[in-house]
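Let me begin by presenting the structure, written as structure tokens, before commenting on it.
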Amino acid sequence: MDNIRVQGITQVDPKTLGILWTDGKKSALDVVMLRRKCPCAACIDEWSHEPRLKPEDVKDTVRPVKIESVGLYALTIHFNDGHRTGIYTFKYLRDLGPLA
Amino acid sequence: MGIMEFRNRIAERLSSKVVPQQAVSLDEKTVLDALRVVQDPDLHKDIVTLGFVRNIKISAEAHSPEAGHKVSHEAGHKVSHEAGHQVSLEVNLTTPACPVKEQLKAQCEAALMALPGVTSTKVTMTASTRGSLPLNSGSPVAASLGQVKNIIAVASGKGGVGKSTTAVNLAWSLAKSGSKVGLLDADIYGPSIPLMTHLKDGATASGSLIEPPKVDGVKIISVGMFGQSGKATIMRGPMAAGVIKQFLSQVAWGELDYLIIDYPPGTGDIQLTISQTAPVTGAVIVTTPQEVALIDVRKAISMFETLKVPVLGVVETMSHFICDGCDKKHFIFREGGGARVAREHGVAFLGEIPMDQGLVEASDHGKPYVASHPKSPVAAAFAKVAGAVASQVSILHAENKNVLQHFSIEWAN
Ligand SMILES: Nc1ncnc2c1ncn2[C@@H]1O[C@H](COP(=O)(O)OP(=O)(O)OP(=O)(O)O)[C@@H](O)[C@H]1O
Ligand SMILES: [Mg+2]
Ligand SMILES: [Zn+2]
């Protein structure tokens with residue numbers, strides 16, 4: 001289904017974001033992984049879709065400061081390294097980690 | 001659901017039950033259980049879970065009139081020698097414009113007839129349109145829009161794509177299916193609805209509000225009826241915004257299932273003002289199949305996303321024309337452009353309207369085409385679009401029940 005949306009968002013532990021989807025499934029996403037997979041134009045080349053950001057560019061200590069919804073289909077994360085340009089669509093997030 | 005799949009489900013259900021054929025204990029629960037095979041294809045749940053089934057009545061049917069029991073009212077009903085039961089009930093859908101109403105009715109009847117002991121059925125399809133606008137009592141539009149269930153924006157990124165034609169025929173098609181409909185012409189730069197609908201009556205005062213005139217049961221107000229309409233085209237920013245706000249807050253719309261707003265073309269300030277003043281339930285984006293128009297569809301979709309107005313889907317107009325000579329569809333532009341942009345943005349494709357000179361004439365003569373040519377392919381296309389729009393609105397309400405709409409969480413470190 002394309003129109004899966006979010007029922008609940010929680011901080012599971014200091015480095016895990018929990019998402020409860022409208023179909024009852026759950027994702028538990030590592031925040032450092034989320035920073036490394038940032039989909040913004042600075043982190044991923046718009047044309048080649050090759051990552052511009054190298055995993056080692058992101059420290060393991062990176063954490064979110066704030067997480068906010070964007071429109072009806074996405075969220076954005078303000079990280080404590082100052083990066084805040086990534087718009088993570090729910091579809092993208094759903095494919096980022098295993099579902100429980 | 002395919003008919004075969006449906007038959008199999010009934011068969012499965014019957015065989016899984018160890019009910020001896022004679023021992024008939026027919027109660028409400030049995031009836032409800034039987035109806036669980038009937039799914040609403042849009043909401044992906046069965047009609048019992050959705051709470052659509054009401055007023056179940058089970059009455060004994062007499063084998064012969066002198067038995068003194070209630071006799072089936074159905075003329076020509078075959079009176080069997082075994083006593084049977086008539087099950088009558090109501091299925092209350094989420095919109096009278098439900099495109100699969102007849103299909104659901106047939107499935108209910110089949111599911112009931114498959115129950116042992118049932119000899120006739122009476123399934124009545126009704127509908128109460130779901131929806132209510134998120135207005136608090138202090139809102140400036142509370143008096144005007146308080147009893148409106150849904151507001152549907154008909155918008156486009158580009159002018160002249162058939163937006164007003166779509167708005168009018170969508171309104172008429174929804175009204176024809178039994179919905180209470182209003183049509184608001186917000187095109188401050190070129191209000192065209194009064195001409196297209198042959199609107200002769202002006203608005204009348206009703207207390208501090210203005211009563212909209214009706215044409216064929218559709219309540220209509222045009223920004224052209226307000227103030228110096230001739231000068232509308234030279235109205236600038238703040239003045240135009242003032243007029244928009246005024247007429248959104250001053251019309252006595254009363255009870256409506258759907259209020260259709262015909263937007264001015266484009267994605268500028270005036271479109272923002274309308275969307276911020278009226279709590280729009282969802283937007284329908286109209287486009288033609290050309291590439292230039294499709295680029296502007298993207299602009300329109302992202303405008304509504306920024307405004308947090310859900311996009312119900314895309315309608316493609318002037319898609320193809322049906323040739324008098326051969327009845328085939330001829331595509332002037334590349335086929336399927338509207339469907340493609342819809343897919344790219346994860347929104348529904350609501351349908352396509354053929355190119356038809358009759359639509360141009362209809363607008364000029366002030367009679368909506370679906371009213372003057374109810375049996376035409378164009379009317380069928382609009383009916384399909386209306387059904388799809390109504391379905392999307394129902395889906396939205398069903399989904400929103402447990403959707404986290406807007407959130408902001410601080411991370412604890
Ligand atoms: N399916 C169609 N087949 C043929 N002509 C059509 C069709 N739909 C609309 N038209 C014609 O195209 C012209 C533009 O349509 P319409 O006024 O509905 O567009 P619009 O998007 O509201 O324009 P504007 O941006 O000026 O408000 C009109 O002359 C109309 O009669
Ligand atoms: Mg128009
Ligand atoms: Zn980034």
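All residue names refer to the structure tokens as shown: chains lettered A, B, ... in order, residues numbered from 1 in each chain, ligands numbered from 1 in order.
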
Interface list for chain A, partner chain B, 12 Å threshold, only C-alpha atoms, as a compact mmCIF listing (two decimals) with C-alpha atoms, in the first residue's frame:
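Okay, selection22.txt is ready:
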# COMPACT_ATOMS: atom_id res chain seq x y z
CA MET A 1 0.00 0.00 0.00
CA ASP A 2 1.24 3.47 -0.91
CA ASN A 3 -0.77 5.38 1.60
CA ILE A 4 0.66 3.94 4.79
CA ARG A 5 1.00 6.68 7.34
CA VAL A 6 2.20 7.12 10.87
CA GLN A 7 0.15 6.38 13.98
CA GLY A 8 2.81 7.12 16.55
CA ILE A 9 6.40 8.36 16.88
CA THR A 10 8.50 7.64 19.98
CA GLN A 11 12.03 7.78 21.25
CA VAL A 12 12.66 4.14 22.15
CA ASP A 13 16.11 4.68 23.73
CA PRO A 14 18.91 7.28 23.42
CA LYS A 15 19.66 6.23 19.85
CA THR A 16 16.51 4.55 18.49
CA LEU A 17 13.52 6.15 16.82
CA GLY A 18 10.32 4.08 16.97
CA ILE A 19 7.55 4.40 14.39
CA LEU A 20 4.15 2.77 14.67
CA TRP A 21 2.58 2.59 11.20
CA THR A 22 -1.15 2.79 10.44
CA ASP A 23 -1.17 -0.88 9.44
CA GLY A 24 0.03 -1.81 12.94
CA VAL A 31 19.45 7.53 14.53
CA THR A 61 27.73 10.27 18.68
CA VAL A 62 25.34 12.14 16.40
CA ARG A 63 21.82 12.46 17.86
CA PRO A 64 18.60 14.20 16.90
CA VAL A 65 17.59 17.41 18.63
CA LYS A 66 14.06 17.57 17.27
CA ILE A 67 11.86 15.55 14.90
CA GLU A 68 8.98 17.22 13.09
CA SER A 69 6.33 16.26 10.54
CA VAL A 70 6.55 17.74 7.04
CA GLY A 71 3.21 17.87 5.23
CA LEU A 72 1.32 14.63 5.40
CA TYR A 73 3.92 12.26 4.05
CA ALA A 74 7.27 13.01 5.61
CA LEU A 75 9.30 14.12 8.61
CA THR A 76 12.48 16.08 9.12
CA ILE A 77 15.21 15.59 11.73
CA HIS A 78 17.33 18.35 13.25
CA PHE A 79 20.61 16.68 14.21
CA ASN A 80 23.05 17.94 16.83
CA THR A 89 9.29 10.51 3.39
CA PHE A 90 7.36 7.83 5.26
CA LYS A 91 7.86 5.57 2.28

If you count only C-alpha atoms and all ligand atoms, which residues end up within 12 Å of ligand 2, as a count of residues only? 37

As an exercise, work out the distance from CA of Thr288 (chain B) to CA of Glu316 (chain B) in Å and give it to one decimal place. 5.4 Å

Check which residues fall inside 12 Å of ligand 3 when counting only C-alpha atoms and all ligand atoms, and print them as a PyMOL selection string. chain A and resi 34-46+51-54+57-58+76-79+81-88

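Nearest to ligand 1 of all the residues B:Thr317, B:Ser249, B:Ser132, B:Thr49 is B:Thr317, counting only C-alpha atoms and all ligand atoms.
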
I need the residues of chain A that end up classed as alpha helix (DSSP H) by DSSP on the backbone, written out as a count of residues only. 13

Give me the residues near region 391-394 of chain B as a PDB file with C-alpha atoms, in the first residue's frame, where near means some atom within 7 Å (using only C-alpha atoms) and where sequence neighbours in that chain fewer than 4 positions away do not count.
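To be explicit, this is the file written out as part-v9.pdb:
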ATOM      1  CA  ASP B  42     -11.786   1.464  -0.884  1.00  0.00           C
ATOM      2  CA  THR B  94     -19.935   6.722   3.452  1.00  0.00           C
ATOM      3  CA  CYS B  98     -20.157   5.393  -3.927  1.00  0.00           C
ATOM      4  CA  ARG B 130     -18.736  11.349   6.441  1.00  0.00           C
ATOM      5  CA  LEU B 312      -7.225  13.754  -3.396  1.00  0.00           C
ATOM      6  CA  GLY B 387     -17.250   8.586  -7.556  1.00  0.00           C
ATOM      7  CA  ALA B 398     -11.213   6.434   7.561  1.00  0.00           C
TER       8      ALA B 398
END

Distance of CA of Val223 (chain B) from CA of Gly242 (chain B), expressed in Å to one decimal place: 11.6 Å

Check region 31-247 of chain B with DSSP on the backbone and list each residue it calls strand (DSSP E or B), as a ChimeraX atom specification. /B:39-40,45-46,53-61,84-93,118-127,148-155,181-185,204-206,209-211,214-215,218-222

I need the residue nearest ligand 1 from this list: B:Ala252, B:Ala278, B:Met303, B:Leu170. Use only C-alpha atoms and all ligand atoms for the distance. B:Leu170

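Separating CA of Lys200 (chain B) from CA of Val218 (chain B) is a distance of 13.5 Å.
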
Selection: 8 Å around Val315 (chain B), only C-alpha atoms, excl. self and same-chain fewer than 3 positions, as a PyMOL selection string: chain B and resi 284-287+338+349-353+385
